[in-house]
2 protein chains.
Amino acid sequence: MNKIVKPSTLPGFMELLPPDQLVFNQMKDIIRKNYEKKGFLAIDTPVLEKEEILLAKGGGETEKQIYAFKKGNTDIAMRFDLTVPLARYVAEHYSDLTFPFRRYHIGKVYRGERAQKGRFREFYQCDIDIIGNGKLSIVNDGEIPSIIESTFVDLGFDAFTIHINNRKILNGFYRSLGISDSTDVLRTVDKLDKIGLEKVEEELLKLGLDEEKVEKIADFIAIDGTTEEIFDKLEALSVDDDTYREGVSELKEVFDVALALGVKPEHLIPDMRIARGLDYYTGTVYETILDDYPEIGSVCSGGRYDDLASHYIKQKLPGVGISIGLSRLYYQLNEAGLLNNYSHRGTDCLIIPFEDTKKEGLKLLKTLRDADIPCLLYGEDNKIGKKFKYADQIGVPYAIVLGRSEVEKGTFNLRDMKTGDEREMTLDEVISVLKGVSKK
Amino acid sequence: MNKIVKPSTLPGFMELLPPDQLVFNQMKDIIRKNYEKKGFLAIDTPVLEKEEILLAKGGGETEKQIYAFKKGNTDIAMRFDLTVPLARYVAEHYSDLTFPFRRYHIGKVYRGERAQKGRFREFYQCDIDIIGNGKLSIVNDGEIPSIIESTFVDLGFDAFTIHINNRKILNGFYRSLGISDSTDVLRTVDKLDKIGLEKVEEELLKLGLDEEKVEKIADFIAIDGTTEEIFDKLEALSVDDDTYREGVSELKEVFDVALALGVKPEHLIPDMRIARGLDYYTGTVYETILDDYPEIGSVCSGGRYDDLASHYIKQKLPGVGISIGLSRLYYQLNEAGLLNNYSHRGTDCLIIPFEDTKKEGLKLLKTLRDADIPCLLYGEDNKIGKKFKYADQIGVPYAIVLGRSEVEKGTFNLRDMKTGDEREMTLDEVISVLKGVSKK
């Protein structure tokens with residue numbers, strides 16, 4: 001006998017049982033379908049890249065988390081996001097691509113971070129980006145919310161808000177206060193939800209800002225109201241900075257385009273508190289919050305950047321994109337019990353023949369499958385109880401027990417597995433009932 | 001300015017441009033849909049596993065090709081197939097699964113083999129397996145050809161043959177010749193297509209077999225004719241071995257079930273020359289050959305095994321399964337020019353507004369998308385020639401140039417991008433034409 005190795009996965013790696021995997025895949029399909037319908041093209045880059053490609057930008061956290069190894073003389077690493085591979089892809093295939101290049105990519109990425117609840121070392125990202133060649137119209141930034149909206153509506157949500165800001169507003173505003181490098185301020189403001197306004201003000205004072213400036217910042221990040229009111233307040237601030245004005249104008253156009261594309265006004269709000277990654281985005285930024293579950297954090301984020309692939313190509317490639325962290329999203333929605341509307345089964349009918357009706361069972365299987373009904377035949381020799389138990393366990397709504405007498409009569413006993421009721425039917429009736437089974 | 005790192009992928013890793021990726025994904029979807037319709041449930045195991053799990057079976061070639069590395073104190077490896085992870089999965093989740101467990105898995109696997117044309121170090125496998133708990137009916141073996149058939153028909157092929165054999169026939173036959181360990185003989189016979197019968201006979205003689213036995217083997221592997229004739233010849237050999245008789249009987253039942261499920265007789269043939277992996281399969285074995293492209297080799301193979309997960313669990317788990325090596329299949333079909341029937345585009349209509357009709361362009365975009373027509377708006381400020389060039393490059397069949405005058409009239413100029421013809425239409429006419437665009 002073999003030595004037994006205890007079967008287990010590496011810690012921090014998500015693995016689902018089939019009913020949950022079905023739900024996960026439905027979510028993945030919904031996202032994919034939305035991306036495709038909006039004219040994004042799939043790419044599928046290798047999980048492994050040259051380490052020098054992935055680390056071209058450098059950066060401490062990334063380098064610590066990356067799975068890297070040597071094979072022969074080659075330094076190889078696993079991708080830690082889909083953005084760096086996109087940059088490499090666009091640079092490598094620059095002359096073969098049509099710009100604006102609209103690509104989606106749904107794939108696994110790898111980060112060897114400290115394992116914790118809801119954080120995975122292997123997880124799916126679902127990204128779209130629109131990459132311009134040299135320039136890219138703000139219209140693209142305005143289209144993004146319509147994609148977020150249709151995706152989350154299809155995922156089964158209606159109460160969500162896409163928070164939108166523009167980094168130019170932030171840069172201009174803080175520059176007008178004499179703060180040329182706003183990194184520390186942004187980082188502090190970013191803690192608002194966690195530590196509250198009072199603590200944020202304290203920390204801002206500690207950064208060496210005077211009370212007047214801190215008050216102005218507090219007023220700025222507190223700007224709220226309807227979209228119209230917020231834009232009025234942004235005007236009323238009369239910030240004398242071209243970048244600020246450009247940012248407000250861009251943000252307005254993003255709202256105009258999104259609303260023209262039919263995004264519900266209640267799904268959109270300008271929000272001066274969001275900034276996203278501090279050294280990456282340069283214009284529009286997005287965060288999406290489920291209104292009833294703000295504690296989950298942003299379920300879809302992204303923004304506009306000036307130059308995608310400066311580490312790999314001289315051409316300037318501005319872009320705008322968003323990402324859904326599907327593994328984390330699935331995990332959190334599942335924990336919150338929000339995935340009960342998804343189907344947990346793949347089959348609608350189980351055919352249960354006896355030893356002397358196997359042939360007729362196969363014939364029925366063929367007929368139902370030809371009619372596009374997902375069904376199975378239980379071909380094992382077992383007691384009838386065990387056969388029904390199988391039907392229960394795989395969760396089929398219907399079973400057909402194929403006895404000799406029905407075969408001779410040419411009828412079928414369709415059993416409703418939930419109620420246990422059996423009805424004798426013709427083949428056409430069976431097909432009609434099974435065709436009507438919703439996948440809910 | 002940044003230092004430029006030359007953008008490139010690792011050698012031996014497939015990466016496709018968007019039009020080819022579209023084709024690849026259509027093939028993947030067809031396979032997936034076929035697997036799902038036949039009641040197989042998706043699983044999605046981690047790409048990374050504990051090295052001790054993947055190497056539990058041992059084996060020289062595997063160990064050399066595997067991508068393995070240390071992270072912290074953990075020995076990690078990338079999966080080199082989907083079968084070992086399935087074995088680990090079934091063993092680990094044994095008590096949560098329903099048997100027979102029908103799972104499909106479409107995912108990337110990794111082998112650091114010598115790079116050569118058409119061989120990839122990262123490639124997709126598309127696997128189905130049916131796993132029994134202790135026992136598994138031969139009916140399952142008989143269902144497999146119907147899945148292969150529908151999949152390859154949907155992939156666009158009609159001329160293919162599923163070659164089926166049973167290892168028990170081989171074991172029994174060779175044992176009846178006094179050859180108890182048939183490994184070397186099978187390995188020699190396996191070279192038949194490459195080196196021809198004469199050379200095979202020479203090599204068999206070198207193995208120490210006498211001329212009479214070599215002649216009997218030559219006769220055996222030469223068995224051909226119709227399915228019925230082949231079964232007659234297998235009977236006529238009167239091999240006095242129980243295993244042989246069991247193998248012939250199983251093979252017959254596989255044909256009976258497959259034919260009952262509607263598999264075309266011309267898609268099936270018993271073939272005494274195929275054995276598949278020498279130490280793994282124990283019953284039915286399958287190979288699928290495209291009749292017009294035999295040089296591609298088997299495009300879908302698999303078989304029956306006695307015990308899936310003996311390295312991880314004491315329970316005996318017999319199974320039967322097949323695998324399609326999609327990356328290799330795609331590559332070879334593409335090289336042979338056989339993928340021209342697939343669609344190379346994702347969008348049916350490009351809306352081209354002018355600066356003063358952007359708003360109406362967005363409205364049209366919303367209307368067409370609401371009607372489920374995949375379409376795009378060209379939002380960049382460029383000369384009209386550049387806009388048409390974009391339409392050409394992304395390969396949309398139709399474009400709508402939205403001039404001020406049409407907007408005022410409330411009509412739309414639909415341009416057939418192939419012929420250059422433009423027709424003025426109402427919105428309903430536009431929708432009706434675009435709805436009729438086949439994805440071919």
# chains A, B, ... in the order shown; residues from 1 in each chain; ligands from 1
$ interface_residues --of "chain A" --to "chain B" --cutoff "7 Å" --atoms "only C-alpha atoms" --output "number ranges by chain"
A: 2-10, 13, 15, 18, 21-22, 37-39, 41-46, 49-50, 53, 56, 69, 88, 91-92, 98, 136-137, 139, 260-262, 310-313, 346-347, 362-363, 366, 374-376, 379-380, 390, 393-394
$ select_by_dssp --residues "region 102-266 of chain B" --states "strand (DSSP E or B)" --output "PyMOL selection string"
chain B and resi 102-110+116+119+122-131+160-166
$ write_last_selection --atoms "N, CA and C atoms" --output "compact mmCIF listing (two decimals), in the first residue's frame"
# COMPACT_ATOMS: atom_id res chain seq x y z
N ARG B 102 -18.95 13.86 -10.74
CA ARG B 102 -18.65 14.26 -12.11
C ARG B 102 -18.11 15.67 -12.08
N ARG B 103 -16.83 15.82 -12.33
CA ARG B 103 -16.27 17.17 -12.29
C ARG B 103 -15.59 17.49 -13.62
N TYR B 104 -15.70 18.77 -13.98
CA TYR B 104 -14.84 19.26 -15.06
C TYR B 104 -13.92 20.31 -14.51
N HIS B 105 -12.81 20.49 -15.17
CA HIS B 105 -11.84 21.49 -14.76
C HIS B 105 -11.14 21.98 -16.01
N ILE B 106 -11.23 23.27 -16.25
CA ILE B 106 -10.52 23.88 -17.37
C ILE B 106 -9.55 24.86 -16.75
N GLY B 107 -8.28 24.61 -16.90
CA GLY B 107 -7.31 25.48 -16.24
C GLY B 107 -5.92 25.32 -16.82
N LYS B 108 -5.05 26.22 -16.39
CA LYS B 108 -3.68 26.21 -16.88
C LYS B 108 -2.82 25.27 -16.05
N VAL B 109 -1.93 24.56 -16.71
CA VAL B 109 -0.96 23.73 -16.01
C VAL B 109 0.44 24.10 -16.53
N TYR B 110 1.46 23.66 -15.79
CA TYR B 110 2.82 24.17 -16.02
C TYR B 110 3.84 23.04 -16.11
N GLN B 116 9.67 23.80 -27.62
CA GLN B 116 9.67 23.42 -29.02
C GLN B 116 8.34 23.83 -29.62
N ARG B 119 4.69 23.15 -28.41
CA ARG B 119 4.70 22.68 -27.01
C ARG B 119 4.84 23.91 -26.12
N GLU B 122 3.20 26.67 -20.34
CA GLU B 122 1.93 26.95 -19.67
C GLU B 122 0.85 26.61 -20.68
N PHE B 123 -0.06 25.72 -20.33
CA PHE B 123 -1.10 25.38 -21.31
C PHE B 123 -2.39 24.99 -20.60
N TYR B 124 -3.47 25.15 -21.34
CA TYR B 124 -4.79 24.81 -20.81
C TYR B 124 -5.06 23.32 -20.98
N GLN B 125 -5.56 22.70 -19.93
CA GLN B 125 -6.15 21.38 -20.05
C GLN B 125 -7.63 21.51 -19.74
N CYS B 126 -8.43 20.73 -20.46
CA CYS B 126 -9.88 20.73 -20.25
C CYS B 126 -10.27 19.29 -19.94
N ASP B 127 -10.48 19.03 -18.67
CA ASP B 127 -10.64 17.65 -18.20
C ASP B 127 -12.05 17.39 -17.68
N ILE B 128 -12.55 16.19 -17.96
CA ILE B 128 -13.68 15.70 -17.18
C ILE B 128 -13.31 14.35 -16.61
N ASP B 129 -13.83 14.08 -15.43
CA ASP B 129 -13.68 12.77 -14.82
C ASP B 129 -14.95 12.43 -14.07
N ILE B 130 -15.25 11.14 -14.04
CA ILE B 130 -16.35 10.63 -13.21
C ILE B 130 -15.71 9.69 -12.20
N ILE B 131 -15.86 10.03 -10.92
CA ILE B 131 -15.18 9.27 -9.87
C ILE B 131 -16.21 8.50 -9.06
N PHE B 160 -13.97 12.78 -37.55
CA PHE B 160 -13.03 12.35 -36.51
C PHE B 160 -13.41 10.97 -36.03
N THR B 161 -12.45 10.28 -35.49
CA THR B 161 -12.71 8.92 -35.00
C THR B 161 -12.19 8.77 -33.58
N ILE B 162 -13.07 8.26 -32.74
CA ILE B 162 -12.67 7.96 -31.37
C ILE B 162 -12.21 6.50 -31.33
N HIS B 163 -10.92 6.30 -31.14
CA HIS B 163 -10.36 4.95 -31.06
C HIS B 163 -10.46 4.49 -29.62
N ILE B 164 -11.05 3.32 -29.44
CA ILE B 164 -11.28 2.84 -28.08
C ILE B 164 -10.68 1.44 -27.91
N ASN B 165 -10.07 1.25 -26.79
CA ASN B 165 -9.52 -0.05 -26.45
C ASN B 165 -9.78 -0.31 -24.98
N ASN B 166 -9.37 -1.47 -24.52
CA ASN B 166 -9.51 -1.78 -23.10
C ASN B 166 -8.23 -2.48 -22.66
$ select_by_dssp --residues "region 5-139 of chain B" --states "helix (DSSP H, G or I)" --output "VMD selection string"
chain B and resid 18 to 37 51 to 54 60 to 65 83 to 92 94 to 96 139
$ write_last_selection --atoms "N, CA and C atoms" --output "CSV table (one decimal), in the first residue's frame"
chain,number,residue,atom,x,y,z
B,18,PRO,N,-5.6,39.9,-29.5
B,18,PRO,CA,-7.1,39.9,-29.3
B,18,PRO,C,-7.9,39.1,-30.3
B,19,PRO,N,-7.7,39.2,-31.6
B,19,PRO,CA,-8.6,38.5,-32.5
B,19,PRO,C,-8.4,37.0,-32.4
B,20,ASP,N,-7.1,36.5,-32.1
B,20,ASP,CA,-6.9,35.1,-31.9
B,20,ASP,C,-7.4,34.7,-30.5
B,21,GLN,N,-7.3,35.5,-29.5
B,21,GLN,CA,-7.8,35.2,-28.2
B,21,GLN,C,-9.3,35.0,-28.2
B,22,LEU,N,-10.0,35.8,-29.1
B,22,LEU,CA,-11.4,35.6,-29.2
B,22,LEU,C,-11.7,34.2,-29.7
B,23,VAL,N,-11.0,33.7,-30.7
B,23,VAL,CA,-11.2,32.3,-31.2
B,23,VAL,C,-10.9,31.3,-30.1
B,24,PHE,N,-9.7,31.5,-29.5
B,24,PHE,CA,-9.3,30.6,-28.4
B,24,PHE,C,-10.5,30.5,-27.3
B,25,ASN,N,-11.0,31.7,-26.9
B,25,ASN,CA,-12.0,31.7,-25.9
B,25,ASN,C,-13.3,31.0,-26.4
B,26,GLN,N,-13.6,31.2,-27.7
B,26,GLN,CA,-14.8,30.5,-28.2
B,26,GLN,C,-14.7,29.0,-28.1
B,27,MET,N,-13.5,28.5,-28.4
B,27,MET,CA,-13.2,27.1,-28.3
B,27,MET,C,-13.4,26.6,-26.8
B,28,LYS,N,-12.8,27.4,-25.9
B,28,LYS,CA,-12.9,27.1,-24.5
B,28,LYS,C,-14.3,27.1,-24.1
B,29,ASP,N,-15.1,28.0,-24.5
B,29,ASP,CA,-16.5,28.1,-24.1
B,29,ASP,C,-17.3,26.9,-24.7
B,30,ILE,N,-17.0,26.5,-25.9
B,30,ILE,CA,-17.7,25.3,-26.5
B,30,ILE,C,-17.4,24.1,-25.6
B,31,ILE,N,-16.2,23.9,-25.3
B,31,ILE,CA,-15.8,22.7,-24.4
B,31,ILE,C,-16.5,22.8,-23.1
B,32,ARG,N,-16.4,24.0,-22.5
B,32,ARG,CA,-17.1,24.1,-21.2
B,32,ARG,C,-18.6,23.9,-21.2
B,33,LYS,N,-19.2,24.4,-22.3
B,33,LYS,CA,-20.7,24.3,-22.4
B,33,LYS,C,-21.0,22.8,-22.5
B,34,ASN,N,-20.2,22.1,-23.3
B,34,ASN,CA,-20.5,20.6,-23.5
B,34,ASN,C,-20.3,19.9,-22.2
B,35,TYR,N,-19.3,20.2,-21.5
B,35,TYR,CA,-19.1,19.5,-20.2
B,35,TYR,C,-20.2,19.8,-19.2
B,36,GLU,N,-20.6,21.1,-19.2
B,36,GLU,CA,-21.7,21.4,-18.3
B,36,GLU,C,-23.0,20.8,-18.6
B,37,LYS,N,-23.3,20.8,-19.9
B,37,LYS,CA,-24.6,20.2,-20.4
B,37,LYS,C,-24.7,18.7,-20.0
B,51,GLU,N,4.4,20.9,-2.5
B,51,GLU,CA,5.2,20.0,-3.4
B,51,GLU,C,5.0,18.6,-3.1
B,52,GLU,N,4.9,18.3,-1.8
B,52,GLU,CA,4.8,16.8,-1.4
B,52,GLU,C,3.5,16.2,-1.9
B,53,ILE,N,2.5,17.1,-2.2
B,53,ILE,CA,1.2,16.6,-2.8
B,53,ILE,C,1.4,16.2,-4.2
B,54,LEU,N,2.0,17.2,-5.0
B,54,LEU,CA,2.2,16.9,-6.4
B,54,LEU,C,3.2,15.8,-6.7
B,60,GLY,N,10.1,10.3,-12.6
B,60,GLY,CA,11.3,11.1,-13.0
B,60,GLY,C,11.0,12.3,-13.8
B,61,GLU,N,10.3,12.1,-15.0
B,61,GLU,CA,10.0,13.2,-15.9
B,61,GLU,C,9.3,14.3,-15.2
B,62,THR,N,8.3,14.0,-14.5
B,62,THR,CA,7.5,15.0,-13.8
B,62,THR,C,8.4,15.9,-12.9
B,63,GLU,N,9.2,15.2,-12.1
B,63,GLU,CA,10.0,15.9,-11.2
B,63,GLU,C,11.0,16.9,-11.9
B,64,LYS,N,11.4,16.5,-13.0
B,64,LYS,CA,12.4,17.4,-13.7
B,64,LYS,C,11.7,18.6,-14.3
B,65,GLN,N,10.4,18.4,-14.8
B,65,GLN,CA,9.7,19.5,-15.5
B,65,GLN,C,9.0,20.4,-14.5
B,83,THR,N,-5.0,16.2,-12.9
B,83,THR,CA,-5.4,15.0,-12.4
B,83,THR,C,-4.9,14.8,-10.9
B,84,VAL,N,-3.7,15.2,-10.7
B,84,VAL,CA,-3.2,15.1,-9.3
B,84,VAL,C,-4.0,16.1,-8.4
B,85,PRO,N,-4.2,17.3,-8.8
B,85,PRO,CA,-5.0,18.2,-8.0
B,85,PRO,C,-6.4,17.6,-7.8
B,86,LEU,N,-7.0,16.9,-8.8
B,86,LEU,CA,-8.3,16.3,-8.6
B,86,LEU,C,-8.2,15.2,-7.5
B,87,ALA,N,-7.2,14.4,-7.6
B,87,ALA,CA,-7.0,13.4,-6.6
B,87,ALA,C,-7.0,13.9,-5.2
B,88,ARG,N,-6.2,15.0,-5.0
B,88,ARG,CA,-6.0,15.7,-3.7
B,88,ARG,C,-7.4,16.3,-3.3
B,89,TYR,N,-8.1,16.9,-4.3
B,89,TYR,CA,-9.4,17.5,-4.0
B,89,TYR,C,-10.4,16.5,-3.5
B,90,VAL,N,-10.5,15.4,-4.3
B,90,VAL,CA,-11.5,14.4,-3.9
B,90,VAL,C,-11.2,13.7,-2.6
B,91,ALA,N,-9.9,13.5,-2.3
B,91,ALA,CA,-9.5,12.9,-1.0
B,91,ALA,C,-9.8,13.9,0.1
B,92,GLU,N,-9.4,15.2,-0.1
B,92,GLU,CA,-9.6,16.2,0.9
B,92,GLU,C,-11.1,16.5,1.2
B,94,TYR,N,-13.6,14.4,0.5
B,94,TYR,CA,-14.3,13.2,0.3
B,94,TYR,C,-15.7,13.1,0.9
B,95,SER,N,-15.8,13.6,2.2
B,95,SER,CA,-17.1,13.4,2.9
B,95,SER,C,-18.1,14.5,2.4
B,96,ASP,N,-17.6,15.5,1.7
B,96,ASP,CA,-18.5,16.6,1.2
B,96,ASP,C,-19.0,16.3,-0.2
B,139,VAL,N,-21.2,1.9,-17.6
B,139,VAL,CA,-22.0,2.8,-18.3
B,139,VAL,C,-21.3,4.2,-18.5
$ atom_distance --atom1 "CA of Ile169 (chain A)" --atom2 "CA of Arg245 (chain A)"
7.2 Å
$ residues_around --residues "Leu170 (chain A)" --least-positions-apart "3" --cutoff "9 Å" --atoms "only C-alpha atoms" --output "number ranges by chain"
A: 165-167, 173-175, 182, 186, 243-244, 247, 272, 275
$ write_last_selection --atoms "N, CA, C and O atoms" --output "PDB file, in the first residue's frame"
ATOM      1  N   ASN A 165     -14.034  60.864  -7.951  1.00  0.00           N
ATOM      2  CA  ASN A 165     -13.269  62.067  -7.673  1.00  0.00           C
ATOM      3  C   ASN A 165     -12.299  62.276  -8.828  1.00  0.00           C
ATOM      4  O   ASN A 165     -12.264  61.464  -9.773  1.00  0.00           O
ATOM      5  N   ASN A 166     -11.526  63.341  -8.744  1.00  0.00           N
ATOM      6  CA  ASN A 166     -10.503  63.578  -9.757  1.00  0.00           C
ATOM      7  C   ASN A 166      -9.254  64.072  -9.045  1.00  0.00           C
ATOM      8  O   ASN A 166      -9.315  65.045  -8.284  1.00  0.00           O
ATOM      9  N   ARG A 167      -8.166  63.379  -9.289  1.00  0.00           N
ATOM     10  CA  ARG A 167      -6.919  63.710  -8.587  1.00  0.00           C
ATOM     11  C   ARG A 167      -6.470  65.136  -8.840  1.00  0.00           C
ATOM     12  O   ARG A 167      -5.780  65.740  -8.025  1.00  0.00           O
ATOM     13  N   PHE A 173      -6.306  71.695  -5.217  1.00  0.00           N
ATOM     14  CA  PHE A 173      -6.771  72.226  -3.936  1.00  0.00           C
ATOM     15  C   PHE A 173      -5.624  72.303  -2.922  1.00  0.00           C
ATOM     16  O   PHE A 173      -5.414  73.341  -2.283  1.00  0.00           O
ATOM     17  N   TYR A 174      -4.893  71.206  -2.798  1.00  0.00           N
ATOM     18  CA  TYR A 174      -3.826  71.199  -1.798  1.00  0.00           C
ATOM     19  C   TYR A 174      -2.688  72.146  -2.193  1.00  0.00           C
ATOM     20  O   TYR A 174      -2.071  72.773  -1.349  1.00  0.00           O
ATOM     21  N   ARG A 175      -2.453  72.284  -3.499  1.00  0.00           N
ATOM     22  CA  ARG A 175      -1.417  73.223  -3.937  1.00  0.00           C
ATOM     23  C   ARG A 175      -1.840  74.653  -3.602  1.00  0.00           C
ATOM     24  O   ARG A 175      -1.024  75.468  -3.205  1.00  0.00           O
ATOM     25  N   SER A 182       1.266  66.436  -1.670  1.00  0.00           N
ATOM     26  CA  SER A 182       0.101  66.166  -0.828  1.00  0.00           C
ATOM     27  C   SER A 182       0.028  64.722  -0.341  1.00  0.00           C
ATOM     28  O   SER A 182      -0.949  64.327   0.280  1.00  0.00           O
ATOM     29  N   LEU A 186      -2.987  63.254   1.866  1.00  0.00           N
ATOM     30  CA  LEU A 186      -3.940  62.302   1.289  1.00  0.00           C
ATOM     31  C   LEU A 186      -3.998  61.022   2.120  1.00  0.00           C
ATOM     32  O   LEU A 186      -5.061  60.462   2.359  1.00  0.00           O
ATOM     33  N   THR A 243      -5.152  73.539 -12.409  1.00  0.00           N
ATOM     34  CA  THR A 243      -5.338  72.091 -12.298  1.00  0.00           C
ATOM     35  C   THR A 243      -6.655  71.787 -11.597  1.00  0.00           C
ATOM     36  O   THR A 243      -7.391  70.884 -11.992  1.00  0.00           O
ATOM     37  N   TYR A 244      -6.930  72.537 -10.544  1.00  0.00           N
ATOM     38  CA  TYR A 244      -8.192  72.372  -9.819  1.00  0.00           C
ATOM     39  C   TYR A 244      -9.371  72.544 -10.777  1.00  0.00           C
ATOM     40  O   TYR A 244     -10.272  71.695 -10.854  1.00  0.00           O
ATOM     41  N   GLY A 247      -9.711  69.736 -13.148  1.00  0.00           N
ATOM     42  CA  GLY A 247     -10.246  68.566 -12.469  1.00  0.00           C
ATOM     43  C   GLY A 247     -11.759  68.643 -12.298  1.00  0.00           C
ATOM     44  O   GLY A 247     -12.487  67.674 -12.558  1.00  0.00           O
ATOM     45  N   MET A 272     -14.961  63.966  -2.429  1.00  0.00           N
ATOM     46  CA  MET A 272     -13.629  64.574  -2.305  1.00  0.00           C
ATOM     47  C   MET A 272     -12.690  63.791  -1.402  1.00  0.00           C
ATOM     48  O   MET A 272     -11.525  64.143  -1.251  1.00  0.00           O
ATOM     49  N   ALA A 275      -9.089  59.014  -3.042  1.00  0.00           N
ATOM     50  CA  ALA A 275      -7.891  59.333  -3.832  1.00  0.00           C
ATOM     51  C   ALA A 275      -7.328  58.115  -4.550  1.00  0.00           C
ATOM     52  O   ALA A 275      -6.782  58.225  -5.632  1.00  0.00           O
TER      53      ALA A 275
END
$ residues_around --residues "Val401 (chain B)" --least-positions-apart "5" --cutoff "9 Å" --atoms "only C-alpha atoms" --output "list of chain:residue names"
B:Leu350, B:Ile351, B:Ile352, B:Pro353, B:Phe354, B:Phe412, B:Asn413, B:Leu414, B:Arg415
$ write_last_selection --atoms "all heavy atoms" --output "tab-separated table (two decimals), in the first residue's frame"
chain	number	residue	atom	x	y	z
B	350	LEU	N	-19.75	50.56	-34.69
B	350	LEU	CA	-19.01	51.67	-34.09
B	350	LEU	C	-19.77	52.96	-34.36
B	350	LEU	O	-20.09	53.28	-35.51
B	350	LEU	CB	-17.60	51.77	-34.69
B	350	LEU	CG	-16.73	52.90	-34.13
B	350	LEU	CD1	-16.31	52.61	-32.69
B	350	LEU	CD2	-15.50	53.13	-35.01
B	351	ILE	N	-20.05	53.69	-33.29
B	351	ILE	CA	-20.71	54.98	-33.42
B	351	ILE	C	-19.64	56.07	-33.48
B	351	ILE	O	-18.78	56.14	-32.61
B	351	ILE	CB	-21.65	55.24	-32.23
B	351	ILE	CG1	-22.72	54.15	-32.17
B	351	ILE	CG2	-22.29	56.62	-32.32
B	351	ILE	CD1	-23.48	54.11	-30.86
B	352	ILE	N	-19.68	56.86	-34.56
B	352	ILE	CA	-18.67	57.91	-34.74
B	352	ILE	C	-19.35	59.27	-34.68
B	352	ILE	O	-19.94	59.73	-35.66
B	352	ILE	CB	-17.94	57.73	-36.09
B	352	ILE	CG1	-17.31	56.34	-36.16
B	352	ILE	CG2	-16.91	58.82	-36.29
B	352	ILE	CD1	-16.61	56.03	-37.48
B	353	PRO	N	-19.30	59.93	-33.53
B	353	PRO	CA	-19.93	61.25	-33.43
B	353	PRO	C	-18.92	62.34	-33.82
B	353	PRO	O	-17.73	62.07	-33.94
B	353	PRO	CB	-20.26	61.36	-31.95
B	353	PRO	CG	-19.18	60.57	-31.28
B	353	PRO	CD	-18.72	59.52	-32.25
B	354	PHE	N	-19.42	63.55	-34.05
B	354	PHE	CA	-18.55	64.71	-34.16
B	354	PHE	C	-18.58	65.44	-32.82
B	354	PHE	O	-19.35	65.08	-31.92
B	354	PHE	CB	-19.01	65.62	-35.31
B	354	PHE	CG	-18.81	64.98	-36.65
B	354	PHE	CD1	-19.84	64.30	-37.29
B	354	PHE	CD2	-17.57	65.04	-37.28
B	354	PHE	CE1	-19.65	63.70	-38.52
B	354	PHE	CE2	-17.38	64.45	-38.51
B	354	PHE	CZ	-18.40	63.77	-39.13
B	412	PHE	N	-30.33	58.03	-39.19
B	412	PHE	CA	-28.98	57.52	-38.95
B	412	PHE	C	-28.38	56.97	-40.24
B	412	PHE	O	-29.07	56.28	-40.98
B	412	PHE	CB	-29.01	56.42	-37.89
B	412	PHE	CG	-29.56	56.89	-36.58
B	412	PHE	CD1	-30.92	56.84	-36.33
B	412	PHE	CD2	-28.72	57.43	-35.62
B	412	PHE	CE1	-31.44	57.31	-35.13
B	412	PHE	CE2	-29.23	57.89	-34.42
B	412	PHE	CZ	-30.60	57.83	-34.18
B	413	ASN	N	-27.14	57.32	-40.51
B	413	ASN	CA	-26.44	56.78	-41.68
B	413	ASN	C	-25.67	55.52	-41.29
B	413	ASN	O	-24.62	55.61	-40.66
B	413	ASN	CB	-25.46	57.82	-42.23
B	413	ASN	CG	-26.13	58.70	-43.25
B	413	ASN	OD1	-27.30	58.49	-43.60
B	413	ASN	ND2	-25.42	59.70	-43.73
B	414	LEU	N	-26.20	54.37	-41.66
B	414	LEU	CA	-25.51	53.12	-41.33
B	414	LEU	C	-24.58	52.75	-42.47
B	414	LEU	O	-25.00	52.58	-43.62
B	414	LEU	CB	-26.54	52.00	-41.10
B	414	LEU	CG	-25.96	50.70	-40.52
B	414	LEU	CD1	-25.54	50.90	-39.07
B	414	LEU	CD2	-26.96	49.56	-40.62
B	415	ARG	N	-23.29	52.65	-42.16
B	415	ARG	CA	-22.29	52.39	-43.18
B	415	ARG	C	-21.84	50.93	-43.09
B	415	ARG	O	-21.42	50.46	-42.03
B	415	ARG	CB	-21.09	53.31	-42.97
B	415	ARG	CG	-19.98	53.17	-44.00
B	415	ARG	CD	-18.76	53.97	-43.53
B	415	ARG	NE	-17.65	53.89	-44.46
B	415	ARG	CZ	-17.40	54.80	-45.41
B	415	ARG	NH1	-18.19	55.84	-45.57
B	415	ARG	NH2	-16.35	54.65	-46.21
$ residues_around --residues "Asp219 (chain B)" --least-positions-apart "6" --cutoff "12 Å" --atoms "only C-alpha atoms" --output "list in words"
Phe173, Val189, Leu197, Glu201, Glu212, Lys213, Lys233, Leu234, Leu237, Met272 and Arg273 of chain B
